[in-house]
Amino acid sequence: MIDFEELAQAMGELDEDAVKEMLNEVMADGGSQAAKAMEACQKGMDIVGSQFESGEYFVGDLIFAGELMTDAVGILKDALVSGDGGSGTKAKMILCTVKDDLHDIGKNIVRSMLEAGGFEVTDLGIDVPPEKIVETARENNIRIVGLSGVLTLAIDSMKNTVDAFKAAGMRDDVKIIIGGAPVSADACAHVGADAWAINPQETVRICSDWAAQL
Ligand code: B12
């Protein structure tokens, strides 16, 4: 059994070999600790963020951290997504990172989990303007929308997206869930979204409840 605190530290220190060795050990043990390992990796990303803020790390380190996190998800993916799959298509949904935000690692994890949970996900990518999201929902008759963002300013973009659905007269036709590091109950109320979540398991649960009511 690996020490998750040690894993978080190794991720924070961008010690690629140690991180991969521990994650491979988790998988060799059957993967039952994959969700905990994922949490530890995210904790490590918070350490990376703090080091960046204090000037110890630079943008190059953020890029490397992003690559390491993507590799980490690649190693853990099979164990992370195995829980809820095979249940057939539940619903179509849109997922994207909102305007002015280029972070997509968290979004991609959420996408994998939703697909494993039976959703047909239209991934619009990063830096997606509200109009494109509204248009895509209208053209494809999509009733569930997931908005991701990790920058503080993403909250404004999320609100603009909800407002764009209102302006198009479509707000009551869609359920909107928001997620990402700056998201909270207060942010959800401010944005006017229907729900928020910080982990993919909770996201799949909420969207599945909505899909059952459509
Ligand atoms: C890696 C990284 C980058 C990489 C991103 C690579 C990529 N392809 O995504 C690169 C180098 C490109 C980058 C760029 C920048 N970054 Co950056 N970055 C990070 C870092 C270290 C990790 C982010 C991450 O991937 N976390 C791991 C994932 C798994 O977590 P997550 O995104 O939160 O996702 C989870 C949940 O939130 C949830 N979730 C995610 N999406 C969704 C969606 C839905 C619908 C739901 C329900 C749930 C959900 O599920 C996920 C899995 O559990 C963070 C620090 C941190 N602590 O987050 C800084 C951080 C986000 N970056 C920051 C900054 C400042 C920048 C730059 C401005 C730097 C610069 N000077 O250029 C640019 C901004 C570019 C832009 N316009 O977006 C700041 C943001 C400050 C702020 N409060 O706004 C942070 C917090 C670092 C810091 N502490 O200063 N960054």
# chains A, B, ... in the order shown; residues from 1 in each chain; ligands from 1
$ closest_atom_pairs --of "chain A" --to "ligand 1" --cutoff "6 Å" --atoms "only C-alpha atoms and all ligand atoms" --output "Markdown table"
| residue | atom | partner | partner_atom_place_in_ligand_line | distance |
| --- | --- | --- | --- | --- |
| A:Gln42 | CA | ligand 1 | 27 (C) | 5.3 |
| A:Met45 | CA | ligand 1 | 57 (N) | 4.8 |
| A:Asp46 | CA | ligand 1 | 57 (N) | 3.5 |
| A:Val48 | CA | ligand 1 | 21 (C) | 5.3 |
| A:Gly49 | CA | ligand 1 | 89 (N) | 3.5 |
| A:Ser50 | CA | ligand 1 | 89 (N) | 5.0 |
| A:Phe52 | CA | ligand 1 | 90 (O) | 5.6 |
| A:Glu53 | CA | ligand 1 | 90 (O) | 4.7 |
| A:Val59 | CA | ligand 1 | 11 (C) | 5.7 |
| A:Leu62 | CA | ligand 1 | 11 (C) | 4.4 |
| A:Ile63 | CA | ligand 1 | 11 (C) | 3.8 |
| A:Ala65 | CA | ligand 1 | 1 (C) | 5.4 |
| A:Gly66 | CA | ligand 1 | 1 (C) | 3.8 |
| A:Asp100 | CA | ligand 1 | 77 (N) | 5.2 |
| A:Asp101 | CA | ligand 1 | 78 (O) | 3.7 |
| A:Leu102 | CA | ligand 1 | 78 (O) | 3.6 |
| A:His103 | CA | ligand 1 | 9 (O) | 3.3 |
| A:Asp104 | CA | ligand 1 | 9 (O) | 3.9 |
| A:Ile105 | CA | ligand 1 | 9 (O) | 4.4 |
| A:Gly106 | CA | ligand 1 | 34 (O) | 3.3 |
| A:Lys107 | CA | ligand 1 | 41 (N) | 4.1 |
| A:Ile109 | CA | ligand 1 | 52 (C) | 5.6 |
| A:Val110 | CA | ligand 1 | 50 (O) | 5.6 |
| A:Gly146 | CA | ligand 1 | 45 (C) | 3.8 |
| A:Leu147 | CA | ligand 1 | 45 (C) | 4.5 |
| A:Ser148 | CA | ligand 1 | 43 (C) | 3.8 |
| A:Val150 | CA | ligand 1 | 61 (C) | 5.1 |
| A:Leu151 | CA | ligand 1 | 84 (O) | 3.4 |
| A:Thr152 | CA | ligand 1 | 84 (O) | 4.0 |
| A:Ile177 | CA | ligand 1 | 45 (C) | 5.1 |
| A:Ile178 | CA | ligand 1 | 45 (C) | 4.3 |
| A:Gly179 | CA | ligand 1 | 46 (C) | 3.4 |
| A:Gly180 | CA | ligand 1 | 37 (O) | 3.1 |
| A:Ala181 | CA | ligand 1 | 33 (O) | 4.2 |
| A:Trp196 | CA | ligand 1 | 47 (C) | 5.5 |
| A:Ala197 | CA | ligand 1 | 47 (C) | 4.3 |
| A:Ile198 | CA | ligand 1 | 38 (C) | 4.3 |
| A:Asn199 | CA | ligand 1 | 53 (O) | 4.3 |
| A:Pro200 | CA | ligand 1 | 50 (O) | 5.0 |
| A:Thr203 | CA | ligand 1 | 47 (C) | 4.8 |
$ atom_distance --atom1 "CA of Gln9 in chain A" --atom2 "CA of Thr97 in chain A"
27.6 Å
$ select_by_dssp --residues "range 41-94 of chain A" --states "alpha helix (DSSP H)" --output "number ranges by chain"
A: 41-53, 59-81
$ write_last_selection --atoms "N, CA, C and O atoms" --output "short mmCIF file (atom, residue, chain, number, x, y, z; two decimals), in the first residue's frame"
data_model
loop_
_atom_site.label_atom_id
_atom_site.label_comp_id
_atom_site.auth_asym_id
_atom_site.auth_seq_id
_atom_site.Cartn_x
_atom_site.Cartn_y
_atom_site.Cartn_z
N CYS A 41 -2.88 13.19 -6.17
CA CYS A 41 -2.27 13.90 -7.30
C CYS A 41 -2.80 15.33 -7.37
O CYS A 41 -2.06 16.28 -7.64
N GLN A 42 -4.12 15.48 -7.14
CA GLN A 42 -4.69 16.82 -7.18
C GLN A 42 -4.12 17.70 -6.07
O GLN A 42 -3.87 18.88 -6.26
N LYS A 43 -3.91 17.07 -4.89
CA LYS A 43 -3.28 17.79 -3.78
C LYS A 43 -1.89 18.26 -4.19
O LYS A 43 -1.47 19.38 -3.89
N GLY A 44 -1.21 17.38 -4.93
CA GLY A 44 0.13 17.73 -5.43
C GLY A 44 0.06 18.91 -6.39
O GLY A 44 0.94 19.78 -6.39
N MET A 45 -1.00 18.97 -7.20
CA MET A 45 -1.16 20.09 -8.13
C MET A 45 -1.38 21.39 -7.36
O MET A 45 -0.96 22.46 -7.79
N ASP A 46 -2.04 21.29 -6.19
CA ASP A 46 -2.21 22.49 -5.35
C ASP A 46 -0.86 22.98 -4.86
O ASP A 46 -0.61 24.19 -4.79
N ILE A 47 0.03 22.01 -4.53
CA ILE A 47 1.38 22.40 -4.10
C ILE A 47 2.09 23.11 -5.25
O ILE A 47 2.71 24.16 -5.07
N VAL A 48 1.94 22.54 -6.47
CA VAL A 48 2.55 23.17 -7.66
C VAL A 48 2.03 24.60 -7.81
O VAL A 48 2.81 25.55 -8.03
N GLY A 49 0.71 24.77 -7.63
CA GLY A 49 0.09 26.10 -7.75
C GLY A 49 0.68 27.07 -6.73
O GLY A 49 1.00 28.22 -7.05
N SER A 50 0.86 26.60 -5.48
CA SER A 50 1.41 27.48 -4.43
C SER A 50 2.86 27.85 -4.74
O SER A 50 3.27 29.00 -4.54
N GLN A 51 3.62 26.88 -5.24
CA GLN A 51 5.02 27.15 -5.59
C GLN A 51 5.11 28.18 -6.72
O GLN A 51 6.02 28.99 -6.76
N PHE A 52 4.12 28.10 -7.64
CA PHE A 52 4.07 29.06 -8.75
C PHE A 52 3.77 30.46 -8.20
O PHE A 52 4.42 31.44 -8.56
N GLU A 53 2.79 30.50 -7.28
CA GLU A 53 2.41 31.80 -6.70
C GLU A 53 3.57 32.43 -5.94
O GLU A 53 3.75 33.64 -5.97
N VAL A 59 6.17 29.18 -15.44
CA VAL A 59 5.16 28.63 -16.35
C VAL A 59 5.59 27.27 -16.90
O VAL A 59 4.78 26.35 -17.05
N GLY A 60 6.88 27.13 -17.19
CA GLY A 60 7.40 25.84 -17.69
C GLY A 60 7.09 24.71 -16.72
O GLY A 60 6.80 23.58 -17.14
N ASP A 61 7.16 25.01 -15.42
CA ASP A 61 6.85 23.98 -14.41
C ASP A 61 5.35 23.65 -14.45
O ASP A 61 4.96 22.49 -14.27
N LEU A 62 4.51 24.66 -14.67
CA LEU A 62 3.06 24.41 -14.77
C LEU A 62 2.80 23.48 -15.96
O LEU A 62 2.00 22.56 -15.88
N ILE A 63 3.50 23.76 -17.07
CA ILE A 63 3.31 22.93 -18.28
C ILE A 63 3.73 21.49 -17.97
O ILE A 63 2.99 20.54 -18.27
N PHE A 64 4.89 21.34 -17.32
CA PHE A 64 5.35 19.99 -16.99
C PHE A 64 4.37 19.31 -16.04
O PHE A 64 4.05 18.13 -16.19
N ALA A 65 3.86 20.10 -15.06
CA ALA A 65 2.89 19.54 -14.10
C ALA A 65 1.66 19.05 -14.84
O ALA A 65 1.10 17.98 -14.53
N GLY A 66 1.23 19.83 -15.84
CA GLY A 66 0.05 19.44 -16.63
C GLY A 66 0.30 18.13 -17.36
O GLY A 66 -0.56 17.24 -17.39
N GLU A 67 1.51 17.98 -17.92
CA GLU A 67 1.83 16.74 -18.65
C GLU A 67 1.88 15.55 -17.69
O GLU A 67 1.38 14.47 -17.99
N LEU A 68 2.48 15.80 -16.52
CA LEU A 68 2.61 14.71 -15.53
C LEU A 68 1.22 14.28 -15.04
O LEU A 68 0.94 13.09 -14.89
N MET A 69 0.35 15.27 -14.82
CA MET A 69 -1.01 14.95 -14.36
C MET A 69 -1.76 14.16 -15.44
O MET A 69 -2.50 13.22 -15.14
N THR A 70 -1.57 14.55 -16.70
CA THR A 70 -2.23 13.82 -17.80
C THR A 70 -1.74 12.38 -17.84
O THR A 70 -2.54 11.44 -18.00
N ASP A 71 -0.43 12.18 -17.67
CA ASP A 71 0.12 10.82 -17.63
C ASP A 71 -0.46 10.05 -16.45
O ASP A 71 -0.77 8.86 -16.55
N ALA A 72 -0.59 10.75 -15.31
CA ALA A 72 -1.11 10.10 -14.10
C ALA A 72 -2.53 9.59 -14.35
O ALA A 72 -2.87 8.44 -14.02
N VAL A 73 -3.34 10.44 -14.98
CA VAL A 73 -4.72 10.03 -15.28
C VAL A 73 -4.70 8.84 -16.24
O VAL A 73 -5.49 7.90 -16.09
N GLY A 74 -3.77 8.87 -17.21
CA GLY A 74 -3.65 7.77 -18.16
C GLY A 74 -3.37 6.44 -17.44
O GLY A 74 -3.94 5.41 -17.79
N ILE A 75 -2.53 6.48 -16.43
CA ILE A 75 -2.20 5.25 -15.69
C ILE A 75 -3.41 4.76 -14.89
O ILE A 75 -3.72 3.57 -14.86
N LEU A 76 -4.13 5.72 -14.27
CA LEU A 76 -5.22 5.34 -13.35
C LEU A 76 -6.56 5.13 -14.04
O LEU A 76 -7.49 4.55 -13.44
N LYS A 77 -6.66 5.59 -15.27
CA LYS A 77 -7.96 5.72 -15.94
C LYS A 77 -8.84 4.45 -15.87
O LYS A 77 -10.01 4.53 -15.49
N ASP A 78 -8.25 3.31 -16.23
CA ASP A 78 -9.06 2.10 -16.28
C ASP A 78 -9.72 1.81 -14.94
O ASP A 78 -10.87 1.39 -14.88
N ALA A 79 -9.00 2.06 -13.85
CA ALA A 79 -9.56 1.80 -12.53
C ALA A 79 -10.55 2.89 -12.13
O ALA A 79 -11.54 2.63 -11.45
N LEU A 80 -10.31 4.11 -12.58
CA LEU A 80 -11.21 5.22 -12.20
C LEU A 80 -12.56 5.10 -12.86
O LEU A 80 -13.58 5.47 -12.29
N VAL A 81 -12.58 4.63 -14.10
CA VAL A 81 -13.83 4.65 -14.85
C VAL A 81 -14.58 3.32 -14.83
O VAL A 81 -15.67 3.24 -15.38
#
$ select_by_dssp --residues "range 18-149 of chain A" --states "strand (DSSP E)" --output "list of chain:residue names"
A:Lys92, A:Met93, A:Ile94, A:Leu95, A:Cys96, A:Thr97, A:Glu120, A:Val121, A:Thr122, A:Asp123, A:Ile144, A:Val145, A:Gly146, A:Leu147, A:Ser148
$ write_last_selection --atoms "all heavy atoms" --output "tab-separated table (two decimals), in the first residue's frame"
chain	number	residue	atom	x	y	z
A	92	LYS	N	-27.24	12.79	-24.23
A	92	LYS	CA	-26.17	13.57	-24.84
A	92	LYS	C	-25.88	14.73	-23.89
A	92	LYS	O	-26.78	15.23	-23.21
A	92	LYS	CB	-26.66	14.16	-26.17
A	92	LYS	CG	-26.84	13.11	-27.25
A	92	LYS	CD	-26.96	13.76	-28.61
A	92	LYS	CE	-28.39	14.08	-28.97
A	92	LYS	NZ	-28.60	14.57	-30.32
A	93	MET	N	-24.64	15.14	-23.84
A	93	MET	CA	-24.35	16.36	-23.09
A	93	MET	C	-23.16	17.11	-23.68
A	93	MET	O	-22.37	16.54	-24.43
A	93	MET	CB	-24.15	16.07	-21.60
A	93	MET	CG	-22.95	15.30	-21.20
A	93	MET	SD	-22.89	15.16	-19.38
A	93	MET	CE	-22.31	16.80	-18.87
A	94	ILE	N	-23.10	18.40	-23.34
A	94	ILE	CA	-21.98	19.23	-23.78
A	94	ILE	C	-21.03	19.39	-22.60
A	94	ILE	O	-21.49	19.55	-21.46
A	94	ILE	CB	-22.48	20.64	-24.21
A	94	ILE	CG1	-23.30	20.55	-25.49
A	94	ILE	CG2	-21.32	21.61	-24.38
A	94	ILE	CD1	-24.01	21.85	-25.86
A	95	LEU	N	-19.73	19.37	-22.88
A	95	LEU	CA	-18.74	19.66	-21.86
A	95	LEU	C	-17.69	20.57	-22.49
A	95	LEU	O	-17.31	20.36	-23.65
A	95	LEU	CB	-18.09	18.35	-21.38
A	95	LEU	CG	-17.13	18.45	-20.20
A	95	LEU	CD1	-17.84	18.88	-18.92
A	95	LEU	CD2	-16.43	17.12	-19.96
A	96	CYS	N	-17.24	21.57	-21.75
A	96	CYS	CA	-16.16	22.42	-22.28
A	96	CYS	C	-15.54	23.24	-21.17
A	96	CYS	O	-16.09	23.35	-20.08
A	96	CYS	CB	-16.69	23.34	-23.37
A	96	CYS	SG	-17.86	24.56	-22.78
A	97	THR	N	-14.38	23.81	-21.48
A	97	THR	CA	-13.76	24.81	-20.61
A	97	THR	C	-14.22	26.17	-21.13
A	97	THR	O	-14.17	26.43	-22.33
A	97	THR	CB	-12.22	24.73	-20.66
A	97	THR	OG1	-11.82	23.41	-20.27
A	97	THR	CG2	-11.58	25.73	-19.72
A	120	GLU	N	-23.07	10.46	-23.96
A	120	GLU	CA	-22.47	10.80	-25.24
A	120	GLU	C	-22.04	12.26	-25.12
A	120	GLU	O	-22.90	13.16	-25.14
A	120	GLU	CB	-23.52	10.62	-26.34
A	120	GLU	CG	-22.99	10.73	-27.74
A	120	GLU	CD	-24.14	10.67	-28.75
A	120	GLU	OE1	-25.14	9.95	-28.54
A	120	GLU	OE2	-24.03	11.40	-29.74
A	121	VAL	N	-20.75	12.48	-24.94
A	121	VAL	CA	-20.26	13.82	-24.61
A	121	VAL	C	-19.76	14.56	-25.85
A	121	VAL	O	-18.88	14.07	-26.55
A	121	VAL	CB	-19.11	13.75	-23.56
A	121	VAL	CG1	-18.61	15.15	-23.22
A	121	VAL	CG2	-19.56	13.01	-22.31
A	122	THR	N	-20.35	15.73	-26.10
A	122	THR	CA	-19.81	16.62	-27.13
A	122	THR	C	-18.84	17.55	-26.42
A	122	THR	O	-19.26	18.42	-25.65
A	122	THR	CB	-20.94	17.43	-27.80
A	122	THR	OG1	-21.83	16.52	-28.43
A	122	THR	CG2	-20.39	18.40	-28.83
A	123	ASP	N	-17.53	17.33	-26.67
A	123	ASP	CA	-16.50	18.12	-25.99
A	123	ASP	C	-16.12	19.28	-26.90
A	123	ASP	O	-15.51	19.08	-27.95
A	123	ASP	CB	-15.29	17.22	-25.70
A	123	ASP	CG	-14.21	17.93	-24.90
A	123	ASP	OD1	-14.23	19.18	-24.81
A	123	ASP	OD2	-13.33	17.24	-24.36
A	144	ILE	N	-28.19	18.79	-21.29
A	144	ILE	CA	-27.29	18.85	-20.13
A	144	ILE	C	-25.96	19.48	-20.55
A	144	ILE	O	-25.38	19.08	-21.57
A	144	ILE	CB	-27.03	17.44	-19.53
A	144	ILE	CG1	-28.35	16.78	-19.14
A	144	ILE	CG2	-26.10	17.53	-18.32
A	144	ILE	CD1	-28.21	15.36	-18.59
A	145	VAL	N	-25.53	20.47	-19.77
A	145	VAL	CA	-24.31	21.21	-20.13
A	145	VAL	C	-23.37	21.25	-18.93
A	145	VAL	O	-23.77	21.63	-17.82
A	145	VAL	CB	-24.67	22.66	-20.54
A	145	VAL	CG1	-23.41	23.47	-20.84
A	145	VAL	CG2	-25.60	22.67	-21.76
A	146	GLY	N	-22.11	20.85	-19.15
A	146	GLY	CA	-21.10	20.90	-18.09
A	146	GLY	C	-20.05	21.94	-18.43
A	146	GLY	O	-19.46	21.91	-19.51
A	147	LEU	N	-19.83	22.90	-17.51
A	147	LEU	CA	-18.87	23.97	-17.74
A	147	LEU	C	-17.71	23.83	-16.77
A	147	LEU	O	-17.91	23.75	-15.56
A	147	LEU	CB	-19.54	25.33	-17.54
A	147	LEU	CG	-20.78	25.62	-18.39
A	147	LEU	CD1	-21.36	26.98	-18.00
A	147	LEU	CD2	-20.45	25.59	-19.89
A	148	SER	N	-16.49	23.81	-17.32
A	148	SER	CA	-15.30	23.65	-16.51
A	148	SER	C	-14.47	24.93	-16.53
A	148	SER	O	-14.47	25.66	-17.53
A	148	SER	CB	-14.47	22.49	-17.09
A	148	SER	OG	-13.26	22.33	-16.38
$ atom_distance --atom1 "CA of Met113 in chain A" --atom2 "CA of Glu39 in chain A"
14.9 Å
$ closest_residue --among "A:Ala212, A:Leu153, A:Ala137, A:Met170" --to "Ala187 in chain A" --atoms "only C-alpha atoms"
A:Leu153
$ atom_distance --atom1 "CA of Leu124 in chain A" --atom2 "CA of Thr161 in chain A"
13.6 Å
$ residues_around --residues "Lys159 in chain A" --least-positions-apart "6" --cutoff "9 Å" --atoms "only C-alpha atoms" --output "list in words"
Cys188, His190, Val191, Gly192 and Ala193 of chain A
$ closest_residue --among "A:Val204, A:Ile142, A:Ala211, A:Val98" --to "Gly125 in chain A" --atoms "only C-alpha atoms"
A:Val98
$ residues_around --residues "Leu7 in chain A" --least-positions-apart "4" --cutoff "10 Å" --atoms "only C-alpha atoms" --output "VMD selection string"
chain A and resid 2 to 3 11 to 13 15 18 to 23 37 to 41 43 to 44
